[in-house]
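Input: a single structure, listed below in structure tokens.
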Amino acid sequence: MARLMGQMMQMPLMISSLLVHAARHHGDTEIVSKRVEGDIHRYTYQDAELRARKLAQAFARLGCEPGDRVATLAWNGYRHFEIYYGASGSELVCHTINPRLFPEQIAWIANDAADKVLCFDLNFLPLVEKLAPQLSSVKHFVAMVGRSHMPAGSSIPGLLCYEDLVDGEDGVYRWPEFDENTASSICYTSGTTGNPKGAVYSHRSTLLHTYGLALPDGMGVGAKDVILPVVPMFHVNAWGTPYAAPMIGAKLVFPGPHLDGKSLYELMEAEKVTFSAGVPTVWLGLINFAQAGKLKFSTLRRTVIGGSACPPAMMRTLEDEFDVEVIHAWGMTEMSPLGTLSKLKAKHASLDAEAQRRILEKQGKVIFGVDMEIIDDDGASLPWDGKASGNLVVRGPWVIQSYYQRPESPLVKVNGRDWFPTGDVAAIDADAYMQITDRSKDVIKSGGEWISSIDLENIAMGHPAVLEAAAIACRHPKWDERPLLVVVKKPGADLTREQMLGYFEGRIAKWQIPDDVAFVSEIPHTATGKIQKLKLRELFKDHRLPTN
């Protein structure tokens, strides 16, 4: 019998359609940006869509062809937003690079992705001038400023002006349609040992992720919201908010590099922000500023906190003192990034406030489009009883199946299906709420950014006085976790804490340098010679890091 097919229009899921929709149906809704230059820039979705079309024309005039990568080193702002659409919408690949990484890592990532164009905010000019000779694939460097702010005498050959590129086009351009599985963007993760790995997203995966994000039990955003993404646009595409806002027609507010408590508070109040998203560290600064001035939020009512586990005390402070609902979230670069968000079910309405809070402090339940499982080391499924902990695996249309230019598959088989191993250890309760209980990877998560313990150990082992070294995470009141370096000195060697920490200068990004050093006579090992990180963490669980 012949299969009966649906008789629906065939319209590929295109990232450009999000901005076209916003321009047609929410054309006068504002996008507000606190620029690197220090002033406030305002325009509308209609303006942004036209400029994104001009940018697509400009990229073509520079010789970009389908599949070429356009890289950014930039903060959250309207020009960065335009690149999201001007690049991906014209069948190029938007590659956001984390400028907080060590320069050698940035160079490696840009070369691995074979970036053809690099667009950057002006405050990253010294970094780009240092990197430019190492970026063999980059043909065009673009300063994201107007002509009046172009740097004089830059060492970058042929440096282009962003506004000149946009102004040089007429905008008579029609967004192309192509296979929705075409690559749209690429983000690199450095959460594992070795070189960073690229996660390549498609137009289809990004659109489906955006639908999931906007669901009521996702971020639950709508056209009445004013959204300020504090999470950087170079951090897994700002968790998808630059795509969700035009989809639902919400006003967007970009903070640029101004992420201190005072700047964020003033911008939120001035623009009547209702919803935000960011890592715990940023909220700590915002809370401290508001408490010091006995201030309240007049419009902010919801925020998603992820990147690191949100401390329960922070959740309670935001909810009790500031009337801000905290949505605890979990995900990863390989998941675009959303996996779970913590919101109550109808059955929980009768619980007392404390019981509800204990549920909401978990990482939460999946949104449709993601499935999860916990398994033992043999790949067998474990019960969802809130007690059994196992290796957390996930699957879904916005979860990667492989890394860029890495032929080996990271996927594992569970009950005959492919799943992605997250590297986290978790428990899932009977109501399908997931809670991270440990991490199988020995990385340190500081303020939402990964620090590789292996990188720290490798640097430390290069010191002539070090016999052996291990890096572990220690709890920190501001950054959630910070690195502690445990060192065994060579017999007769003289080495101080200050000398050891000073050895990291120039070898790794300053924010990745360990906060403290503990000298020990020996480091515990397994029978196979591996360092027992779990035992080290137990030994130093009460270690107090310096706070100055």
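In the structure tokens, each chain is lettered A, B, ... as it comes, each chain's residues begin at 1, and ligands are numbered from 1 in order of appearance.
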task = Please provide as a PyMOL selection string all residues within 9 Å of range 369-376 of chain A, with the sequence filter that same-chain residues fewer than 4 positions apart are discarded (counting only C-alpha atoms).
result = chain A and resi 208-209+212+335+338-340+380-384+388-399+414+419+425-428
I need the strand (DSSP E) residues of range 78-307 of chain A per DSSP on the backbone, written as a CSV table (one decimal) with all heavy atoms, in the first residue's frame.
```csv
chain,number,residue,atom,x,y,z
A,93,VAL,N,28.7,30.7,8.0
A,93,VAL,CA,28.7,30.1,9.3
A,93,VAL,C,29.2,31.2,10.3
A,93,VAL,O,30.3,31.6,10.2
A,93,VAL,CB,29.6,28.9,9.4
A,93,VAL,CG1,29.5,28.2,10.8
A,93,VAL,CG2,29.1,27.9,8.3
A,94,CYS,N,28.4,31.5,11.2
A,94,CYS,CA,28.7,32.5,12.3
A,94,CYS,C,29.5,31.8,13.4
A,94,CYS,O,29.1,30.8,14.0
A,94,CYS,CB,27.5,33.1,12.9
A,94,CYS,SG,27.8,34.4,14.1
A,95,HIS,N,30.8,32.3,13.6
A,95,HIS,CA,31.6,31.6,14.6
A,95,HIS,C,32.0,32.6,15.7
A,95,HIS,O,32.9,33.5,15.5
A,95,HIS,CB,32.9,31.1,13.9
A,95,HIS,CG,33.9,30.5,14.8
A,95,HIS,ND1,35.3,30.5,14.6
A,95,HIS,CD2,33.8,30.0,16.1
A,95,HIS,CE1,35.9,29.9,15.6
A,95,HIS,NE2,35.0,29.6,16.5
A,96,THR,N,31.3,32.5,16.8
A,96,THR,CA,31.6,33.4,17.9
A,96,THR,C,32.7,32.8,18.8
A,96,THR,O,32.7,31.7,19.2
A,96,THR,CB,30.3,33.5,18.8
A,96,THR,OG1,29.9,32.2,19.2
A,96,THR,CG2,29.2,34.2,18.1
A,115,ASP,N,38.5,30.4,9.8
A,115,ASP,CA,37.7,31.6,9.6
A,115,ASP,C,38.3,32.4,8.5
A,115,ASP,O,39.5,32.6,8.3
A,115,ASP,CB,37.8,32.4,10.9
A,115,ASP,CG,37.1,31.7,12.1
A,115,ASP,OD1,36.1,31.0,11.8
A,115,ASP,OD2,37.6,31.8,13.2
A,116,LYS,N,37.3,33.0,7.7
A,116,LYS,CA,37.7,33.8,6.6
A,116,LYS,C,37.6,35.3,6.9
A,116,LYS,O,38.4,36.1,6.4
A,116,LYS,CB,36.8,33.5,5.4
A,116,LYS,CG,37.3,34.2,4.1
A,116,LYS,CD,36.6,33.6,2.9
A,116,LYS,CE,37.1,34.1,1.6
A,116,LYS,NZ,36.4,33.5,0.4
A,117,VAL,N,36.7,35.7,7.7
A,117,VAL,CA,36.5,37.1,8.2
A,117,VAL,C,36.5,37.1,9.7
A,117,VAL,O,35.9,36.2,10.3
A,117,VAL,CB,35.2,37.7,7.6
A,117,VAL,CG1,35.0,39.1,8.1
A,117,VAL,CG2,35.1,37.6,6.1
A,118,LEU,N,37.1,38.1,10.3
A,118,LEU,CA,37.1,38.3,11.7
A,118,LEU,C,36.6,39.7,12.0
A,118,LEU,O,37.2,40.7,11.7
A,118,LEU,CB,38.5,38.1,12.3
A,118,LEU,CG,38.6,38.4,13.9
A,118,LEU,CD1,37.6,37.5,14.6
A,118,LEU,CD2,40.0,38.2,14.4
A,119,CYS,N,35.4,39.8,12.7
A,119,CYS,CA,34.8,41.0,13.1
A,119,CYS,C,35.1,41.2,14.6
A,119,CYS,O,34.8,40.3,15.3
A,119,CYS,CB,33.3,41.1,12.8
A,119,CYS,SG,32.9,40.8,11.0
A,120,PHE,N,35.5,42.4,15.0
A,120,PHE,CA,35.8,42.6,16.4
A,120,PHE,C,35.4,43.9,17.0
A,120,PHE,O,35.4,44.9,16.2
A,120,PHE,CB,37.3,42.3,16.7
A,120,PHE,CG,38.2,43.3,15.9
A,120,PHE,CD1,38.7,44.4,16.6
A,120,PHE,CD2,38.6,43.0,14.6
A,120,PHE,CE1,39.5,45.3,15.9
A,120,PHE,CE2,39.5,43.9,14.0
A,120,PHE,CZ,39.9,45.1,14.6
A,140,HIS,N,40.1,38.9,5.9
A,140,HIS,CA,39.5,40.3,6.2
A,140,HIS,C,39.3,40.5,7.7
A,140,HIS,O,38.7,39.7,8.3
A,140,HIS,CB,38.2,40.5,5.4
A,140,HIS,CG,38.3,40.3,4.0
A,140,HIS,ND1,38.9,41.1,3.1
A,140,HIS,CD2,37.8,39.2,3.2
A,140,HIS,CE1,38.8,40.6,1.9
A,140,HIS,NE2,38.1,39.5,1.9
A,141,PHE,N,39.8,41.6,8.2
A,141,PHE,CA,39.6,42.0,9.6
A,141,PHE,C,38.7,43.2,9.6
A,141,PHE,O,39.0,44.2,8.8
A,141,PHE,CB,40.9,42.3,10.3
A,141,PHE,CG,41.9,41.2,10.4
A,141,PHE,CD1,42.8,40.8,9.5
A,141,PHE,CD2,41.8,40.4,11.6
A,141,PHE,CE1,43.6,39.7,9.6
A,141,PHE,CE2,42.7,39.3,11.8
A,141,PHE,CZ,43.5,39.0,10.8
A,142,VAL,N,37.6,43.1,10.4
A,142,VAL,CA,36.6,44.2,10.4
A,142,VAL,C,36.5,44.8,11.8
A,142,VAL,O,36.1,44.0,12.7
A,142,VAL,CB,35.3,43.7,9.9
A,142,VAL,CG1,34.2,44.8,9.8
A,142,VAL,CG2,35.4,43.0,8.5
A,143,ALA,N,36.7,46.1,11.9
A,143,ALA,CA,36.5,46.7,13.2
A,143,ALA,C,35.1,47.1,13.3
A,143,ALA,O,34.5,47.8,12.4
A,143,ALA,CB,37.4,47.9,13.3
A,160,LEU,N,39.2,46.8,7.8
A,160,LEU,CA,38.0,47.4,7.3
A,160,LEU,C,37.1,48.0,8.4
A,160,LEU,O,37.2,47.6,9.6
A,160,LEU,CB,37.2,46.2,6.6
A,160,LEU,CG,38.0,45.6,5.4
A,160,LEU,CD1,37.2,44.4,4.9
A,160,LEU,CD2,38.1,46.6,4.3
A,161,CYS,N,36.3,48.9,8.0
A,161,CYS,CA,35.3,49.5,8.9
A,161,CYS,C,33.9,48.9,8.7
A,161,CYS,O,33.4,48.9,7.6
A,161,CYS,CB,35.3,51.0,8.6
A,161,CYS,SG,34.0,51.9,9.5
A,183,ALA,N,25.0,24.1,8.0
A,183,ALA,CA,25.6,24.7,9.1
A,183,ALA,C,25.3,26.1,9.2
A,183,ALA,O,25.3,26.9,8.2
A,183,ALA,CB,27.1,24.5,9.1
A,184,SER,N,24.9,26.6,10.4
A,184,SER,CA,24.6,28.0,10.7
A,184,SER,C,25.6,28.7,11.5
A,184,SER,O,25.9,29.9,11.3
A,184,SER,CB,23.2,28.1,11.3
A,184,SER,OG,23.2,27.5,12.6
A,185,SER,N,26.1,28.0,12.5
A,185,SER,CA,27.0,28.6,13.5
A,185,SER,C,27.9,27.5,14.1
A,185,SER,O,27.5,26.3,14.1
A,185,SER,CB,26.3,29.4,14.5
A,185,SER,OG,25.3,28.6,15.2
A,186,ILE,N,29.0,27.9,14.7
A,186,ILE,CA,29.9,27.0,15.4
A,186,ILE,C,30.4,27.7,16.7
A,186,ILE,O,30.7,28.8,16.7
A,186,ILE,CB,31.1,26.6,14.4
A,186,ILE,CG1,32.0,25.6,15.1
A,186,ILE,CG2,31.8,27.8,13.9
A,186,ILE,CD1,33.0,25.0,14.2
A,187,CYS,N,30.3,26.9,17.7
A,187,CYS,CA,30.8,27.3,19.0
A,187,CYS,C,31.8,26.3,19.5
A,187,CYS,O,31.6,25.1,19.4
A,187,CYS,CB,29.7,27.5,20.1
A,187,CYS,SG,28.6,28.8,19.7
A,188,TYR,N,32.9,26.7,20.1
A,188,TYR,CA,33.9,25.8,20.6
A,188,TYR,C,33.8,25.6,22.1
A,188,TYR,O,33.5,26.6,22.8
A,188,TYR,CB,35.4,26.3,20.2
A,188,TYR,CG,35.8,25.9,18.8
A,188,TYR,CD1,35.2,26.5,17.7
A,188,TYR,CD2,36.7,24.9,18.6
A,188,TYR,CE1,35.6,26.1,16.4
A,188,TYR,CE2,37.1,24.5,17.4
A,188,TYR,CZ,36.6,25.1,16.3
A,188,TYR,OH,36.9,24.7,15.0
A,189,THR,N,34.0,24.4,22.5
A,189,THR,CA,34.0,24.2,24.0
A,189,THR,C,35.4,23.7,24.4
A,189,THR,O,36.0,22.9,23.7
A,189,THR,CB,33.0,23.1,24.3
A,189,THR,OG1,33.1,22.8,25.7
A,189,THR,CG2,33.2,21.8,23.5
A,197,LYS,N,37.0,21.8,21.1
A,197,LYS,CA,36.3,21.1,20.1
A,197,LYS,C,35.1,21.9,19.6
A,197,LYS,O,34.4,22.6,20.4
A,197,LYS,CB,35.8,19.8,20.6
A,197,LYS,CG,37.0,18.8,20.9
A,197,LYS,CD,36.5,17.5,21.4
A,197,LYS,CE,36.0,17.5,22.8
A,197,LYS,NZ,35.8,16.1,23.3
A,198,GLY,N,34.8,21.9,18.3
A,198,GLY,CA,33.8,22.7,17.8
A,198,GLY,C,32.4,22.0,17.7
A,198,GLY,O,32.4,20.8,17.3
A,199,ALA,N,31.4,22.7,18.1
A,199,ALA,CA,30.0,22.1,18.0
A,199,ALA,C,29.4,23.0,16.9
A,199,ALA,O,29.2,24.2,17.0
A,199,ALA,CB,29.2,22.3,19.3
A,200,VAL,N,29.0,22.3,15.8
A,200,VAL,CA,28.4,22.9,14.6
A,200,VAL,C,26.9,22.8,14.6
A,200,VAL,O,26.4,21.7,14.6
A,200,VAL,CB,29.0,22.4,13.3
A,200,VAL,CG1,28.4,23.1,12.1
A,200,VAL,CG2,30.5,22.4,13.3
A,201,TYR,N,26.2,23.9,14.7
A,201,TYR,CA,24.7,23.9,14.7
A,201,TYR,C,24.2,24.1,13.3
A,201,TYR,O,24.9,24.7,12.5
A,201,TYR,CB,24.2,25.0,15.7
A,201,TYR,CG,24.9,25.0,17.0
A,201,TYR,CD1,25.3,26.2,17.5
A,201,TYR,CD2,25.1,23.9,17.7
A,201,TYR,CE1,25.9,26.3,18.8
A,201,TYR,CE2,25.7,23.9,19.0
A,201,TYR,CZ,26.1,25.1,19.5
A,201,TYR,OH,26.7,25.2,20.7
A,202,SER,N,23.0,23.6,13.1
A,202,SER,CA,22.3,23.8,11.8
A,202,SER,C,21.2,24.8,11.9
A,202,SER,O,20.8,25.2,13.0
A,202,SER,CB,21.8,22.5,11.3
A,202,SER,OG,20.7,22.0,12.1
A,226,VAL,N,10.7,42.4,27.9
A,226,VAL,CA,11.9,43.2,27.5
A,226,VAL,C,13.1,42.4,28.0
A,226,VAL,O,13.3,42.2,29.2
A,226,VAL,CB,12.0,44.6,28.2
A,226,VAL,CG1,13.2,45.3,27.8
A,226,VAL,CG2,10.7,45.4,27.7
A,227,ILE,N,13.9,41.8,27.1
A,227,ILE,CA,14.9,40.8,27.4
A,227,ILE,C,16.3,41.4,27.4
A,227,ILE,O,16.7,42.1,26.4
A,227,ILE,CB,14.8,39.7,26.4
A,227,ILE,CG1,13.4,39.0,26.4
A,227,ILE,CG2,15.9,38.6,26.6
A,227,ILE,CD1,13.2,37.9,25.3
A,228,LEU,N,17.0,41.2,28.4
A,228,LEU,CA,18.4,41.6,28.5
A,228,LEU,C,19.3,40.4,28.7
A,228,LEU,O,19.3,39.9,29.8
A,228,LEU,CB,18.7,42.7,29.6
A,228,LEU,CG,20.0,43.3,29.6
A,228,LEU,CD1,20.0,44.7,30.3
A,228,LEU,CD2,21.1,42.5,30.3
A,229,PRO,N,20.0,39.9,27.7
A,229,PRO,CA,20.9,38.8,27.8
A,229,PRO,C,22.2,39.2,28.4
A,229,PRO,O,23.0,39.9,27.7
A,229,PRO,CB,21.0,38.2,26.4
A,229,PRO,CG,20.7,39.3,25.5
A,229,PRO,CD,19.8,40.3,26.3
A,251,LYS,N,11.3,43.2,22.9
A,251,LYS,CA,12.3,44.2,22.9
A,251,LYS,C,13.6,43.6,23.5
A,251,LYS,O,13.6,42.8,24.4
A,251,LYS,CB,11.9,45.4,23.8
A,251,LYS,CG,13.0,46.4,23.9
A,251,LYS,CD,12.4,47.6,24.8
A,251,LYS,CE,13.5,48.6,25.1
A,251,LYS,NZ,13.0,49.7,26.0
A,252,LEU,N,14.7,43.9,22.8
A,252,LEU,CA,16.0,43.4,23.2
A,252,LEU,C,16.9,44.5,23.7
A,252,LEU,O,16.9,45.6,23.2
A,252,LEU,CB,16.8,42.8,22.0
A,252,LEU,CG,16.8,41.2,21.8
A,252,LEU,CD1,17.5,40.9,20.5
A,252,LEU,CD2,17.5,40.6,23.0
A,253,VAL,N,17.6,44.2,24.8
A,253,VAL,CA,18.5,45.2,25.4
A,253,VAL,C,19.9,44.6,25.6
A,253,VAL,O,20.0,43.5,26.2
A,253,VAL,CB,18.0,45.7,26.8
A,253,VAL,CG1,19.0,46.7,27.4
A,253,VAL,CG2,16.6,46.3,26.6
A,254,PHE,N,20.9,45.1,24.9
A,254,PHE,CA,22.2,44.6,24.9
A,254,PHE,C,23.1,45.4,25.8
A,254,PHE,O,23.2,46.7,25.6
A,254,PHE,CB,22.8,44.5,23.6
A,254,PHE,CG,22.2,43.5,22.6
A,254,PHE,CD1,21.7,43.9,21.4
A,254,PHE,CD2,22.2,42.1,23.0
A,254,PHE,CE1,21.1,42.9,20.6
A,254,PHE,CE2,21.6,41.2,22.2
A,254,PHE,CZ,21.1,41.6,21.0
A,275,PHE,N,13.0,40.5,31.8
A,275,PHE,CA,13.6,39.1,31.8
A,275,PHE,C,15.1,39.2,31.5
A,275,PHE,O,15.5,40.0,30.6
A,275,PHE,CB,12.9,38.3,30.7
A,275,PHE,CG,13.4,36.9,30.6
A,275,PHE,CD1,12.9,35.8,31.3
A,275,PHE,CD2,14.5,36.6,29.7
A,275,PHE,CE1,13.4,34.5,31.2
A,275,PHE,CE2,15.0,35.3,29.6
A,275,PHE,CZ,14.4,34.3,30.3
A,276,SER,N,15.9,38.3,32.1
A,276,SER,CA,17.3,38.3,31.9
A,276,SER,C,17.8,36.9,32.0
A,276,SER,O,17.1,36.0,32.4
A,276,SER,CB,18.0,39.3,32.8
A,276,SER,OG,19.4,39.5,32.3
A,277,ALA,N,19.1,36.7,31.6
A,277,ALA,CA,19.7,35.4,31.7
A,277,ALA,C,21.2,35.6,31.9
A,277,ALA,O,21.8,36.4,31.2
A,277,ALA,CB,19.4,34.6,30.5
A,278,GLY,N,21.8,34.8,32.8
A,278,GLY,CA,23.2,34.9,33.0
A,278,GLY,C,23.7,33.9,34.0
A,278,GLY,O,22.9,33.1,34.6
A,302,ARG,N,11.8,37.9,36.1
A,302,ARG,CA,12.3,36.6,35.9
A,302,ARG,C,13.7,36.6,35.4
A,302,ARG,O,14.1,37.5,34.6
A,302,ARG,CB,11.4,35.8,34.9
A,302,ARG,CG,9.9,35.7,35.3
A,302,ARG,CD,9.0,35.1,34.3
A,302,ARG,NE,9.3,35.0,32.9
A,302,ARG,CZ,9.2,36.0,32.0
A,302,ARG,NH1,8.7,37.2,32.4
A,302,ARG,NH2,9.5,35.8,30.8
A,303,THR,N,14.5,35.6,35.8
A,303,THR,CA,15.8,35.4,35.3
A,303,THR,C,16.1,33.9,35.2
A,303,THR,O,15.8,33.2,36.1
A,303,THR,CB,16.9,36.2,36.1
A,303,THR,OG1,18.1,36.0,35.5
A,303,THR,CG2,16.9,35.6,37.5
A,304,VAL,N,16.8,33.6,34.1
A,304,VAL,CA,17.4,32.2,34.0
A,304,VAL,C,18.8,32.3,34.5
A,304,VAL,O,19.6,33.1,34.0
A,304,VAL,CB,17.3,31.7,32.5
A,304,VAL,CG1,18.1,30.4,32.4
A,304,VAL,CG2,15.8,31.5,32.1
A,305,ILE,N,19.2,31.4,35.4
A,305,ILE,CA,20.5,31.3,35.9
A,305,ILE,C,21.1,29.9,35.5
A,305,ILE,O,20.5,28.9,35.9
A,305,ILE,CB,20.6,31.5,37.4
A,305,ILE,CG1,20.1,33.0,37.7
A,305,ILE,CG2,22.1,31.4,37.9
A,305,ILE,CD1,20.3,33.4,39.2
```
task = Just the residues within 10 Å of Asn98 in chain A, please, counting only C-alpha atoms, with nothing from its chain fewer than 4 positions along; format it as a VMD selection string.
result = chain A and resid 72 to 75 102 105 to 106 109 187 to 189 232 to 236 449
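Distances from A:Pro491, A:Gly249, A:Gly256, A:Pro546 to His25 in chain A were compared using only C-alpha atoms, and the smallest one belongs to A:Gly249.
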request  = Within range 188-360 of chain A, find each residue whose DSSP state, derived from the backbone, is alpha helix (DSSP H), and express the selection as a ChimeraX atom specification.
outcome  = /A:203-214,241-248,261-271,280-292,312-322,353-360
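Taking only C-alpha atoms, the non-local environment of Glu538 in chain A within 12 Å (same-chain residues fewer than 5 positions away omitted) comprises Ile472, Ala473, Cys474, Pro524, Gln532, Lys533 and His543 of chain A.
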query = Quick one: of A:Ser342, A:Thr547, A:Ser263, A:Ser136, who's nearest to Gly218 in chain A, counting only C-alpha atoms?
reply = A:Ser342
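Among the candidates A:Ala107, A:Met150, A:Leu536, A:Ala309, the residue lying nearest to Gln363 in chain A is A:Ala309 (atoms considered: only C-alpha atoms).
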remark   = Counting only C-alpha atoms, closest pick from A:Ala52, A:Val221, A:Ala114, A:Ile40 relative to Val20 in chain A is A:Ala52
Shell of 12 Å around His41 in chain A, only C-alpha atoms, local chain residues under 5 positions omitted, as a PyMOL selection string = chain A and resi 30-36+77-79+252-256
Given the selection you just returned, output its residues as a file containing C-alpha atoms, formatted as a PDB file, in the first residue's frame.
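So the final result, stored in selection.pdb, reads:
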```
ATOM      1  CA  GLU A  30      13.248  48.351  19.798  1.00  0.00           C
ATOM      2  CA  ILE A  31      16.725  46.888  20.033  1.00  0.00           C
ATOM      3  CA  VAL A  32      18.738  48.943  22.526  1.00  0.00           C
ATOM      4  CA  SER A  33      22.508  48.607  22.936  1.00  0.00           C
ATOM      5  CA  LYS A  34      25.017  50.039  25.402  1.00  0.00           C
ATOM      6  CA  ARG A  35      27.894  50.376  23.002  1.00  0.00           C
ATOM      7  CA  VAL A  36      31.604  49.840  23.525  1.00  0.00           C
ATOM      8  CA  GLY A  77      25.405  44.565  20.863  1.00  0.00           C
ATOM      9  CA  TYR A  78      23.383  45.369  17.763  1.00  0.00           C
ATOM     10  CA  ARG A  79      26.273  44.891  15.334  1.00  0.00           C
ATOM     11  CA  LEU A 252      16.028  43.368  23.182  1.00  0.00           C
ATOM     12  CA  VAL A 253      18.490  45.215  25.409  1.00  0.00           C
ATOM     13  CA  PHE A 254      22.215  44.580  24.945  1.00  0.00           C
ATOM     14  CA  PRO A 255      24.626  45.605  27.760  1.00  0.00           C
ATOM     15  CA  GLY A 256      27.857  45.553  25.719  1.00  0.00           C
TER      16      GLY A 256
END
```
